[in-house]
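Written below as structure tokens is the structure these notes are about.
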Amino acid sequence: MIPLDDTLQILLDKTQQRSKAHGLLLHVQSGDGQVDFRGASGAAAPDMQFPIASIAKMYTATMIQQLCEAGDITLDQPVQSLLPDHDLADLHVVNGVAYGKQVTIRHLLFQTSGVADYYEGQLAKDILQGRDQAYDLDDVLRITKALPPQAAPDGGKAYYSDTNYQLLGAVIESVTGLSYDEALQARICAPLGLRKTHLIDPAQDHQLLPIYHKARRLDIPQTLFSMGPDGGIVSDTGELMLFLRAFFAGKLFSPKALSHLQHWRPLTFPREYGGGLMRFHLPPWMTLWRPTPELIGHSGASGSFAYRAPERDIYLVGTFNQTDAPRRPFSFMLEVLRLIAKHGGDQ
């Protein structure tokens, strides 16, 4: 029988070649330590740092939960009360009704504000063309106001918006008196001993695994830095694994809060959204009535992923680092889990 590590490396290489990903990274661990594979394929090396994209929202959600538990903010507090220097009144107007000042921390955290997604305007097109640019919260609010809203708050669904997490990042900075990266280092990296995880530094981070869109290399450090709380963190698979396991083990906030963050709302089938978390689960009718593992965590537009399969207590992190197929990781993770289950079943 081929050892599991060799089996996973074969899958990694085949997936990288089939997907034409420039570089592919995977780190997978089981809760009991019996499975522990860290590999790379293509131009990637196992210890390379890479932009984790929207997985950053899990870090932002962590710090928001910490501030709630410290009594510094409440989930039902209007965001406007914490950002007095920014007028949010006309940020979110639906059918002539202005909801901007009513939007709460909870709305932002659970993606139920209905606020437009600033990323889905011209910015996304610029990124795919490799146009690098810096922007700040004022720019984000200006762009958001010019876009049509997605829905009124609390409509029963989640409406994915990077604007929500830009605002949460501003709340963290306002309440702590620290920059987003300073808060990240103090509240997450230092307690976990993370040394390779930080907000991207356009002046220094030149050795990252590069992001591609098809065959086009995207050199966009200023844009990634500006994304900050919604997608501007860099890490490696080792430290991303440490964070993911700490998140689900209750090492960063109370275990009770973790249960609350898993209050799911429909997003885009078959995904649901909680508080800084996604849930991916295929119904039996889509898989010939064979059950498929539930995945809870987050992924990003660059094909980055950080998920836990709770029924099997397996953690998977990595990246395709390609913006042309952001949903590619899901079938890949399911195949990894299938091989692990088959390997265990054959022993």
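Starting from 1 in every chain, residues are counted up; chains themselves are A, B, ... following the order of the structure tokens, and ligands are numbered from 1 as listed.
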Set out as JSON lines a contact list for stretch 150-192 of chain A and stretch 86-92 of chain A with a cut-off of 10 Å, giving each residue of stretch 150-192 of chain A that qualifies its closest atom pair and distance in Å to one decimal, counting only C-alpha atoms, ordered by chain and rising residue number.
{"residue": "A:Gln150", "atom": "CA", "partner": "A:His92", "partner_atom": "CA", "distance": 9.2}
{"residue": "A:Ala151", "atom": "CA", "partner": "A:His92", "partner_atom": "CA", "distance": 9.0}
{"residue": "A:Ala152", "atom": "CA", "partner": "A:His92", "partner_atom": "CA", "distance": 8.2}
{"residue": "A:Pro153", "atom": "CA", "partner": "A:His92", "partner_atom": "CA", "distance": 9.3}
Sorted per-residue table, stretch 213-260 of chain A near stretch 133-140 of chain A, closest atoms and distance, 12 Å, only C-alpha atoms, as a Markdown table:
| residue | atom | partner | partner_atom | distance |
| --- | --- | --- | --- | --- |
| A:Asp219 | CA | A:Gln133 | CA | 10.5 |
| A:Ile220 | CA | A:Gln133 | CA | 7.3 |
| A:Pro221 | CA | A:Gln133 | CA | 8.3 |
| A:Gln222 | CA | A:Ala134 | CA | 5.0 |
| A:Thr223 | CA | A:Gln133 | CA | 5.2 |
| A:Leu224 | CA | A:Ala134 | CA | 8.4 |
| A:Phe225 | CA | A:Ala134 | CA | 7.6 |
| A:Ser226 | CA | A:Tyr135 | CA | 5.6 |
| A:Met227 | CA | A:Tyr135 | CA | 8.4 |
| A:Gly228 | CA | A:Asp136 | CA | 9.7 |
| A:Pro229 | CA | A:Leu137 | CA | 11.0 |
| A:Asp230 | CA | A:Val140 | CA | 11.7 |
| A:Gly232 | CA | A:Ala134 | CA | 11.9 |
I need the residues of stretch 109-235 of chain A that end up classed as strand (DSSP E) by DSSP on the backbone, written out as a JSON list (two decimals) with all heavy atoms, in the first residue's frame.
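Output file result27.json is given in full below:
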[["chain", "number", "residue", "atom", "x", "y", "z"],
["A", 198, "HIS", "N", 1.18, 38.40, 8.82],
["A", 198, "HIS", "CA", 1.09, 39.85, 8.99],
["A", 198, "HIS", "C", 0.38, 40.46, 7.79],
["A", 198, "HIS", "O", 0.16, 39.80, 6.77],
["A", 198, "HIS", "CB", 2.49, 40.47, 9.13],
["A", 198, "HIS", "CG", 3.43, 40.09, 8.02],
["A", 198, "HIS", "ND1", 3.44, 40.72, 6.79],
["A", 198, "HIS", "CD2", 4.38, 39.12, 7.93],
["A", 198, "HIS", "CE1", 4.35, 40.18, 6.01],
["A", 198, "HIS", "NE2", 4.94, 39.20, 6.67],
["A", 199, "LEU", "N", 0.02, 41.72, 7.93],
["A", 199, "LEU", "CA", -0.53, 42.45, 6.80],
["A", 199, "LEU", "C", 0.60, 42.63, 5.78],
["A", 199, "LEU", "O", 1.73, 42.92, 6.15],
["A", 199, "LEU", "CB", -1.04, 43.82, 7.26],
["A", 199, "LEU", "CG", -1.94, 44.60, 6.29],
["A", 199, "LEU", "CD1", -3.20, 43.82, 5.98],
["A", 199, "LEU", "CD2", -2.30, 45.96, 6.90],
["A", 211, "ILE", "N", 0.40, 35.56, -7.17],
["A", 211, "ILE", "CA", -0.97, 35.28, -7.61],
["A", 211, "ILE", "C", -1.02, 35.39, -9.13],
["A", 211, "ILE", "O", -0.40, 36.27, -9.73],
["A", 211, "ILE", "CB", -1.96, 36.27, -6.98],
["A", 211, "ILE", "CG1", -1.93, 36.18, -5.46],
["A", 211, "ILE", "CG2", -3.38, 36.02, -7.49],
["A", 211, "ILE", "CD1", -2.80, 37.22, -4.77],
["A", 212, "TYR", "N", -1.78, 34.49, -9.73],
["A", 212, "TYR", "CA", -1.98, 34.52, -11.18],
["A", 212, "TYR", "C", -3.47, 34.59, -11.51],
["A", 212, "TYR", "O", -4.31, 34.10, -10.75],
["A", 212, "TYR", "CB", -1.40, 33.26, -11.83],
["A", 212, "TYR", "CG", 0.09, 33.33, -12.10],
["A", 212, "TYR", "CD1", 1.00, 33.21, -11.06],
["A", 212, "TYR", "CD2", 0.58, 33.52, -13.39],
["A", 212, "TYR", "CE1", 2.37, 33.28, -11.29],
["A", 212, "TYR", "CE2", 1.94, 33.59, -13.64],
["A", 212, "TYR", "CZ", 2.83, 33.47, -12.59],
["A", 212, "TYR", "OH", 4.18, 33.54, -12.83],
["A", 213, "HIS", "N", -3.77, 35.21, -12.66],
["A", 213, "HIS", "CA", -5.09, 35.06, -13.28],
["A", 213, "HIS", "C", -4.85, 34.41, -14.63],
["A", 213, "HIS", "O", -4.32, 35.05, -15.54],
["A", 213, "HIS", "CB", -5.78, 36.40, -13.45],
["A", 213, "HIS", "CG", -7.16, 36.27, -14.06],
["A", 213, "HIS", "ND1", -8.22, 35.74, -13.37],
["A", 213, "HIS", "CD2", -7.62, 36.54, -15.31],
["A", 213, "HIS", "CE1", -9.28, 35.71, -14.15],
["A", 213, "HIS", "NE2", -8.94, 36.18, -15.34],
["A", 216, "ARG", "N", -1.58, 35.25, -16.46],
["A", 216, "ARG", "CA", -1.11, 36.58, -16.11],
["A", 216, "ARG", "C", -0.71, 36.65, -14.64],
["A", 216, "ARG", "O", -1.51, 36.35, -13.75],
["A", 216, "ARG", "CB", -2.18, 37.63, -16.38],
["A", 216, "ARG", "CG", -1.74, 39.07, -16.06],
["A", 216, "ARG", "CD", -2.93, 40.01, -15.98],
["A", 216, "ARG", "NE", -3.58, 40.13, -17.27],
["A", 216, "ARG", "CZ", -3.24, 41.00, -18.21],
["A", 216, "ARG", "NH1", -2.23, 41.84, -17.99],
["A", 216, "ARG", "NH2", -3.89, 41.06, -19.36],
["A", 217, "ARG", "N", 0.52, 37.04, -14.37],
["A", 217, "ARG", "CA", 0.96, 37.25, -13.00],
["A", 217, "ARG", "C", 0.43, 38.59, -12.50],
["A", 217, "ARG", "O", 0.57, 39.60, -13.19],
["A", 217, "ARG", "CB", 2.49, 37.20, -12.91],
["A", 217, "ARG", "CG", 3.02, 37.52, -11.53],
["A", 217, "ARG", "CD", 4.49, 37.22, -11.40],
["A", 217, "ARG", "NE", 5.04, 37.74, -10.16],
["A", 217, "ARG", "CZ", 6.17, 37.33, -9.60],
["A", 217, "ARG", "NH1", 6.88, 36.37, -10.18],
["A", 217, "ARG", "NH2", 6.60, 37.86, -8.48],
["A", 218, "LEU", "N", -0.14, 38.59, -11.32],
["A", 218, "LEU", "CA", -0.72, 39.80, -10.75],
["A", 218, "LEU", "C", 0.18, 40.33, -9.64],
["A", 218, "LEU", "O", 0.22, 39.78, -8.54],
["A", 218, "LEU", "CB", -2.12, 39.51, -10.19],
["A", 218, "LEU", "CG", -3.13, 38.88, -11.16],
["A", 218, "LEU", "CD1", -4.46, 38.65, -10.46],
["A", 218, "LEU", "CD2", -3.31, 39.75, -12.40],
["A", 233, "ILE", "N", -3.90, 39.83, 4.42],
["A", 233, "ILE", "CA", -2.93, 39.14, 5.28],
["A", 233, "ILE", "C", -2.12, 38.14, 4.46],
["A", 233, "ILE", "O", -2.64, 37.51, 3.54],
["A", 233, "ILE", "CB", -3.66, 38.42, 6.44],
["A", 233, "ILE", "CG1", -4.32, 39.45, 7.36],
["A", 233, "ILE", "CG2", -2.71, 37.54, 7.23],
["A", 233, "ILE", "CD1", -5.19, 38.84, 8.45],
["A", 234, "VAL", "N", -0.84, 37.99, 4.81],
["A", 234, "VAL", "CA", -0.01, 36.93, 4.24],
["A", 234, "VAL", "C", 0.38, 35.97, 5.36],
["A", 234, "VAL", "O", 0.50, 36.36, 6.52],
["A", 234, "VAL", "CB", 1.24, 37.46, 3.53],
["A", 234, "VAL", "CG1", 0.87, 38.37, 2.39],
["A", 234, "VAL", "CG2", 2.17, 38.18, 4.50],
["A", 235, "SER", "N", 0.59, 34.70, 5.01],
["A", 235, "SER", "CA", 1.00, 33.69, 5.98],
["A", 235, "SER", "C", 1.62, 32.54, 5.21],
["A", 235, "SER", "O", 1.86, 32.64, 4.00],
["A", 235, "SER", "CB", -0.20, 33.23, 6.81],
["A", 235, "SER", "OG", 0.20, 32.42, 7.90]]
Name all residues at most 9 Å from stretch 300-309 of chain A (count only C-alpha atoms; drop same-chain ones fewer than 5 positions away) and give them as a short mmCIF file (atom, residue, chain, number, x, y, z; two decimals) with all heavy atoms, in the first residue's frame.
data_model
loop_
_atom_site.label_atom_id
_atom_site.label_comp_id
_atom_site.auth_asym_id
_atom_site.auth_seq_id
_atom_site.Cartn_x
_atom_site.Cartn_y
_atom_site.Cartn_z
N PRO A 51 -0.51 35.26 -0.07
CA PRO A 51 -1.68 36.04 0.36
C PRO A 51 -2.84 35.10 0.66
O PRO A 51 -3.21 34.29 -0.19
CB PRO A 51 -1.99 36.94 -0.84
CG PRO A 51 -0.76 36.89 -1.70
CD PRO A 51 -0.16 35.53 -1.48
N ILE A 52 -3.41 35.20 1.85
CA ILE A 52 -4.47 34.27 2.21
C ILE A 52 -5.84 34.76 1.76
O ILE A 52 -6.85 34.09 1.96
CB ILE A 52 -4.49 33.98 3.73
CG1 ILE A 52 -4.92 35.23 4.53
CG2 ILE A 52 -3.12 33.48 4.20
CD1 ILE A 52 -5.12 34.95 6.01
N ALA A 53 -5.89 35.96 1.15
CA ALA A 53 -7.13 36.52 0.59
C ALA A 53 -8.22 36.58 1.68
O ALA A 53 -7.94 36.94 2.81
CB ALA A 53 -7.56 35.73 -0.64
N SER A 54 -9.43 36.18 1.35
CA SER A 54 -10.56 36.40 2.27
C SER A 54 -10.55 35.53 3.51
O SER A 54 -11.41 35.69 4.38
CB SER A 54 -11.89 36.23 1.54
OG SER A 54 -12.16 37.38 0.77
N ILE A 55 -9.60 34.61 3.64
CA ILE A 55 -9.44 33.92 4.92
C ILE A 55 -9.14 34.95 6.01
O ILE A 55 -9.39 34.72 7.19
CB ILE A 55 -8.31 32.87 4.84
CG1 ILE A 55 -8.65 31.81 3.79
CG2 ILE A 55 -8.11 32.19 6.19
CD1 ILE A 55 -7.49 30.86 3.48
N ALA A 56 -8.63 36.12 5.60
CA ALA A 56 -8.38 37.21 6.55
C ALA A 56 -9.63 37.57 7.34
O ALA A 56 -9.53 38.07 8.47
CB ALA A 56 -7.86 38.45 5.81
N ILE A 211 0.40 35.56 -7.17
CA ILE A 211 -0.97 35.28 -7.61
C ILE A 211 -1.02 35.39 -9.13
O ILE A 211 -0.40 36.27 -9.73
CB ILE A 211 -1.96 36.27 -6.98
CG1 ILE A 211 -1.93 36.18 -5.46
CG2 ILE A 211 -3.38 36.02 -7.49
CD1 ILE A 211 -2.80 37.22 -4.77
N TYR A 212 -1.78 34.49 -9.73
CA TYR A 212 -1.98 34.52 -11.18
C TYR A 212 -3.47 34.59 -11.51
O TYR A 212 -4.31 34.10 -10.75
CB TYR A 212 -1.40 33.26 -11.83
CG TYR A 212 0.09 33.33 -12.10
CD1 TYR A 212 1.00 33.21 -11.06
CD2 TYR A 212 0.58 33.52 -13.39
CE1 TYR A 212 2.37 33.28 -11.29
CE2 TYR A 212 1.94 33.59 -13.64
CZ TYR A 212 2.83 33.47 -12.59
OH TYR A 212 4.18 33.54 -12.83
N HIS A 213 -3.77 35.21 -12.66
CA HIS A 213 -5.09 35.06 -13.28
C HIS A 213 -4.85 34.41 -14.63
O HIS A 213 -4.32 35.05 -15.54
CB HIS A 213 -5.78 36.40 -13.45
CG HIS A 213 -7.16 36.27 -14.06
ND1 HIS A 213 -8.22 35.74 -13.37
CD2 HIS A 213 -7.62 36.54 -15.31
CE1 HIS A 213 -9.28 35.71 -14.15
NE2 HIS A 213 -8.94 36.18 -15.34
N GLY A 231 -8.87 41.03 3.23
CA GLY A 231 -8.11 40.14 2.37
C GLY A 231 -6.64 40.45 2.21
O GLY A 231 -6.04 40.01 1.23
N LEU A 240 -0.95 29.15 9.11
CA LEU A 240 -2.39 29.17 8.85
C LEU A 240 -3.05 27.96 9.53
O LEU A 240 -4.15 28.08 10.09
CB LEU A 240 -2.65 29.14 7.34
CG LEU A 240 -4.10 29.28 6.88
CD1 LEU A 240 -4.77 30.50 7.49
CD2 LEU A 240 -4.16 29.34 5.36
N MET A 241 -2.37 26.83 9.53
CA MET A 241 -2.88 25.65 10.22
C MET A 241 -2.95 25.90 11.73
O MET A 241 -3.95 25.53 12.38
CB MET A 241 -1.99 24.44 9.93
CG MET A 241 -2.42 23.16 10.65
SD MET A 241 -4.03 22.52 10.12
CE MET A 241 -3.61 21.83 8.51
N LEU A 244 -5.96 28.11 12.34
CA LEU A 244 -7.23 27.41 12.13
C LEU A 244 -7.55 26.50 13.31
O LEU A 244 -8.68 26.48 13.82
CB LEU A 244 -7.17 26.60 10.84
CG LEU A 244 -8.45 25.88 10.43
CD1 LEU A 244 -9.52 26.87 10.03
CD2 LEU A 244 -8.18 24.93 9.25
N ARG A 245 -6.55 25.75 13.78
CA ARG A 245 -6.79 24.85 14.90
C ARG A 245 -7.06 25.62 16.18
O ARG A 245 -7.92 25.21 16.98
CB ARG A 245 -5.60 23.91 15.06
CG ARG A 245 -5.41 22.99 13.85
CD ARG A 245 -4.44 21.88 14.13
NE ARG A 245 -4.95 20.98 15.16
CZ ARG A 245 -4.71 19.69 15.23
NH1 ARG A 245 -3.98 19.12 14.30
NH2 ARG A 245 -5.18 18.96 16.20
N PHE A 248 -10.76 26.91 16.19
CA PHE A 248 -11.79 25.92 16.52
C PHE A 248 -11.59 25.29 17.90
O PHE A 248 -12.52 24.68 18.43
CB PHE A 248 -11.83 24.84 15.44
CG PHE A 248 -12.51 25.29 14.18
CD1 PHE A 248 -11.78 25.58 13.04
CD2 PHE A 248 -13.89 25.44 14.13
CE1 PHE A 248 -12.40 26.00 11.87
CE2 PHE A 248 -14.53 25.87 12.98
CZ PHE A 248 -13.78 26.16 11.84
N MET A 278 -17.51 30.36 6.57
CA MET A 278 -18.34 29.74 5.54
C MET A 278 -18.60 28.29 5.90
O MET A 278 -17.79 27.65 6.55
CB MET A 278 -17.64 29.78 4.18
CG MET A 278 -17.60 31.14 3.52
SD MET A 278 -16.82 31.01 1.88
CE MET A 278 -16.84 32.73 1.37
N ARG A 279 -19.72 27.79 5.43
CA ARG A 279 -20.04 26.37 5.55
C ARG A 279 -20.34 25.84 4.16
O ARG A 279 -21.15 26.41 3.42
CB ARG A 279 -21.25 26.14 6.45
CG ARG A 279 -21.69 24.67 6.56
CD ARG A 279 -22.88 24.54 7.51
NE ARG A 279 -23.26 23.16 7.71
CZ ARG A 279 -24.28 22.55 7.07
NH1 ARG A 279 -24.99 23.21 6.17
NH2 ARG A 279 -24.57 21.29 7.33
N PRO A 293 -18.48 15.12 3.36
CA PRO A 293 -18.12 15.84 4.59
C PRO A 293 -18.54 17.31 4.56
O PRO A 293 -18.45 17.97 3.52
CB PRO A 293 -16.59 15.72 4.64
CG PRO A 293 -16.26 14.58 3.72
CD PRO A 293 -17.31 14.59 2.66
N GLU A 294 -18.98 17.78 5.68
CA GLU A 294 -19.23 19.21 5.87
C GLU A 294 -17.88 19.90 6.07
O GLU A 294 -16.98 19.38 6.72
CB GLU A 294 -20.10 19.39 7.12
CG GLU A 294 -20.29 20.82 7.56
CD GLU A 294 -20.97 20.90 8.92
OE1 GLU A 294 -20.61 20.09 9.80
OE2 GLU A 294 -21.83 21.77 9.10
N LEU A 295 -17.72 21.08 5.47
CA LEU A 295 -16.50 21.87 5.61
C LEU A 295 -16.86 23.23 6.21
O LEU A 295 -17.77 23.91 5.72
CB LEU A 295 -15.83 22.07 4.25
CG LEU A 295 -15.32 20.80 3.55
CD1 LEU A 295 -14.92 21.13 2.12
CD2 LEU A 295 -14.14 20.21 4.32
N ILE A 314 -10.62 16.82 10.70
CA ILE A 314 -9.49 17.01 9.80
C ILE A 314 -9.46 18.48 9.37
O ILE A 314 -10.50 19.07 9.07
CB ILE A 314 -9.57 16.08 8.58
CG1 ILE A 314 -9.42 14.62 9.03
CG2 ILE A 314 -8.51 16.43 7.53
CD1 ILE A 314 -9.56 13.61 7.92
N TYR A 315 -8.26 19.03 9.32
CA TYR A 315 -8.04 20.44 8.98
C TYR A 315 -7.28 20.51 7.66
O TYR A 315 -6.28 19.80 7.47
CB TYR A 315 -7.25 21.14 10.07
CG TYR A 315 -7.91 21.09 11.43
CD1 TYR A 315 -7.83 19.95 12.24
CD2 TYR A 315 -8.63 22.18 11.91
CE1 TYR A 315 -8.43 19.90 13.48
CE2 TYR A 315 -9.24 22.14 13.16
CZ TYR A 315 -9.14 20.99 13.93
OH TYR A 315 -9.76 20.95 15.17
N LEU A 316 -7.73 21.40 6.77
CA LEU A 316 -7.09 21.53 5.46
C LEU A 316 -6.84 23.00 5.16
O LEU A 316 -7.78 23.83 5.23
CB LEU A 316 -7.98 20.95 4.35
CG LEU A 316 -8.52 19.54 4.55
CD1 LEU A 316 -9.98 19.60 5.03
CD2 LEU A 316 -8.45 18.75 3.25
N VAL A 317 -5.61 23.35 4.82
CA VAL A 317 -5.29 24.72 4.43
C VAL A 317 -4.40 24.67 3.19
O VAL A 317 -3.71 23.68 2.92
CB VAL A 317 -4.57 25.50 5.55
CG1 VAL A 317 -5.39 25.49 6.83
CG2 VAL A 317 -3.17 24.94 5.82
N GLY A 318 -4.41 25.76 2.42
CA GLY A 318 -3.55 25.84 1.25
C GLY A 318 -4.03 26.90 0.29
O GLY A 318 -4.86 27.75 0.63
N THR A 319 -3.51 26.84 -0.93
CA THR A 319 -3.91 27.81 -1.95
C THR A 319 -3.58 27.30 -3.34
O THR A 319 -2.60 26.57 -3.54
CB THR A 319 -3.22 29.17 -1.72
OG1 THR A 319 -3.77 30.14 -2.60
CG2 THR A 319 -1.72 29.08 -1.97
N PHE A 320 -4.43 27.68 -4.29
CA PHE A 320 -4.13 27.52 -5.71
C PHE A 320 -3.44 28.78 -6.24
O PHE A 320 -2.80 28.75 -7.27
CB PHE A 320 -5.41 27.27 -6.51
CG PHE A 320 -5.93 25.86 -6.41
CD1 PHE A 320 -6.58 25.42 -5.27
CD2 PHE A 320 -5.77 24.98 -7.46
CE1 PHE A 320 -7.07 24.12 -5.17
CE2 PHE A 320 -6.26 23.68 -7.38
CZ PHE A 320 -6.91 23.25 -6.23
N ASN A 321 -3.66 29.91 -5.55
CA ASN A 321 -3.10 31.21 -5.93
C ASN A 321 -3.44 31.58 -7.37
O ASN A 321 -2.65 32.15 -8.11
CB ASN A 321 -1.58 31.26 -5.71
CG ASN A 321 -1.23 32.09 -4.48
OD1 ASN A 321 -1.94 32.09 -3.48
ND2 ASN A 321 -0.13 32.81 -4.55
N GLN A 322 -4.66 31.26 -7.76
CA GLN A 322 -5.19 31.58 -9.08
C GLN A 322 -6.57 32.22 -8.90
O GLN A 322 -7.45 31.62 -8.26
CB GLN A 322 -5.34 30.32 -9.93
CG GLN A 322 -4.05 29.59 -10.24
CD GLN A 322 -3.34 30.13 -11.47
OE1 GLN A 322 -2.15 29.97 -11.62
NE2 GLN A 322 -4.08 30.78 -12.36
N THR A 323 -6.79 33.39 -9.48
CA THR A 323 -8.07 34.06 -9.31
C THR A 323 -9.12 33.60 -10.32
O THR A 323 -10.28 34.00 -10.21
CB THR A 323 -7.91 35.58 -9.47
OG1 THR A 323 -7.45 35.88 -10.80
CG2 THR A 323 -6.91 36.13 -8.46
N ASP A 324 -8.74 32.75 -11.29
CA ASP A 324 -9.68 32.38 -12.34
C ASP A 324 -10.60 31.21 -11.95
O ASP A 324 -11.51 30.88 -12.70
CB ASP A 324 -8.94 32.04 -13.64
CG ASP A 324 -7.71 31.19 -13.40
OD1 ASP A 324 -6.73 31.74 -12.87
OD2 ASP A 324 -7.72 30.00 -13.74
N ALA A 325 -10.37 30.59 -10.81
CA ALA A 325 -11.24 29.48 -10.39
C ALA A 325 -11.32 29.44 -8.87
O ALA A 325 -10.81 28.52 -8.24
CB ALA A 325 -10.74 28.17 -10.94
N PRO A 326 -11.98 30.43 -8.26
CA PRO A 326 -12.00 30.51 -6.80
C PRO A 326 -12.71 29.35 -6.11
O PRO A 326 -12.48 29.11 -4.92
CB PRO A 326 -12.72 31.83 -6.52
CG PRO A 326 -13.53 32.10 -7.75
CD PRO A 326 -12.71 31.55 -8.89
N ARG A 327 -13.55 28.61 -6.82
CA ARG A 327 -14.26 27.48 -6.20
C ARG A 327 -13.53 26.15 -6.36
O ARG A 327 -14.00 25.12 -5.90
CB ARG A 327 -15.68 27.39 -6.76
CG ARG A 327 -16.54 28.61 -6.42
CD ARG A 327 -18.00 28.34 -6.66
NE ARG A 327 -18.81 29.49 -6.30
CZ ARG A 327 -20.14 29.49 -6.27
NH1 ARG A 327 -20.80 28.39 -6.56
NH2 ARG A 327 -20.81 30.57 -5.94
N ARG A 328 -12.41 26.20 -7.03
CA ARG A 328 -11.63 24.99 -7.29
C ARG A 328 -11.25 24.24 -6.00
O ARG A 328 -11.22 23.00 -6.00
CB ARG A 328 -10.38 25.36 -8.08
CG ARG A 328 -9.57 24.19 -8.56
CD ARG A 328 -8.36 24.71 -9.32
NE ARG A 328 -8.76 25.31 -10.58
CZ ARG A 328 -8.02 26.22 -11.23
NH1 ARG A 328 -6.90 26.65 -10.73
NH2 ARG A 328 -8.44 26.70 -12.39
N PRO A 329 -10.95 24.92 -4.89
CA PRO A 329 -10.52 24.18 -3.69
C PRO A 329 -11.53 23.20 -3.14
O PRO A 329 -11.14 22.22 -2.49
CB PRO A 329 -10.24 25.30 -2.68
CG PRO A 329 -9.92 26.49 -3.51
CD PRO A 329 -10.81 26.37 -4.71
N PHE A 330 -12.83 23.40 -3.38
CA PHE A 330 -13.82 22.56 -2.73
C PHE A 330 -13.76 21.11 -3.23
O PHE A 330 -13.73 20.16 -2.45
CB PHE A 330 -15.22 23.14 -2.89
CG PHE A 330 -15.40 24.45 -2.17
CD1 PHE A 330 -15.42 25.65 -2.85
CD2 PHE A 330 -15.49 24.48 -0.79
CE1 PHE A 330 -15.55 26.85 -2.19
CE2 PHE A 330 -15.62 25.67 -0.10
CZ PHE A 330 -15.65 26.86 -0.81
N MET A 333 -10.50 19.59 -1.87
CA MET A 333 -10.54 19.20 -0.46
C MET A 333 -11.35 17.92 -0.28
O MET A 333 -10.97 17.04 0.52
CB MET A 333 -11.11 20.32 0.39
CG MET A 333 -10.17 21.50 0.59
SD MET A 333 -10.80 22.72 1.78
CE MET A 333 -12.10 23.51 0.80
N LEU A 337 -10.00 14.41 1.36
CA LEU A 337 -10.69 13.70 2.44
C LEU A 337 -11.06 12.28 2.02
O LEU A 337 -11.00 11.34 2.83
CB LEU A 337 -11.95 14.48 2.85
CG LEU A 337 -11.70 15.82 3.55
CD1 LEU A 337 -13.00 16.60 3.68
CD2 LEU A 337 -11.08 15.60 4.92
#
Skipping near chain neighbours, those fewer than 4 positions away, what residues fall within 12 Å of stretch 194-197 of chain A using only C-alpha atoms, listed as a ChimeraX atom specification?
-> /A:47-52,56,59,181-182,184-190,201,205,208,232-243,246
Give the helix (DSSP H, G or I) residues of stretch 65-172 of chain A, as assigned by DSSP on the backbone, as number ranges by chain.
-> A: 65-69, 79-82, 100-102, 105-109, 118-120, 122-128, 137-146, 162-172
Residue with the minimum atom-to-atom distance to A:Thr176, picked from A:Ser161, A:Gln66, A:Gln77, A:Thr112 with only C-alpha atoms counted, is A:Gln66
Check the smallest atom-to-atom distance from each of A:Ala40, A:Phe253, A:Asp5, A:Pro148 to A:Cys68 using only C-alpha atoms, then report the winner.
->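 Checking each of A:Ala40, A:Phe253, A:Asp5, A:Pro148 against A:Cys68, counting only C-alpha atoms, the winner is A:Phe253.
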Which of these, A:Val79, A:Val97, A:Leu167, A:Ala215, has the shortest distance to A:Tyr180 once you count only C-alpha atoms?
-> A:Leu167
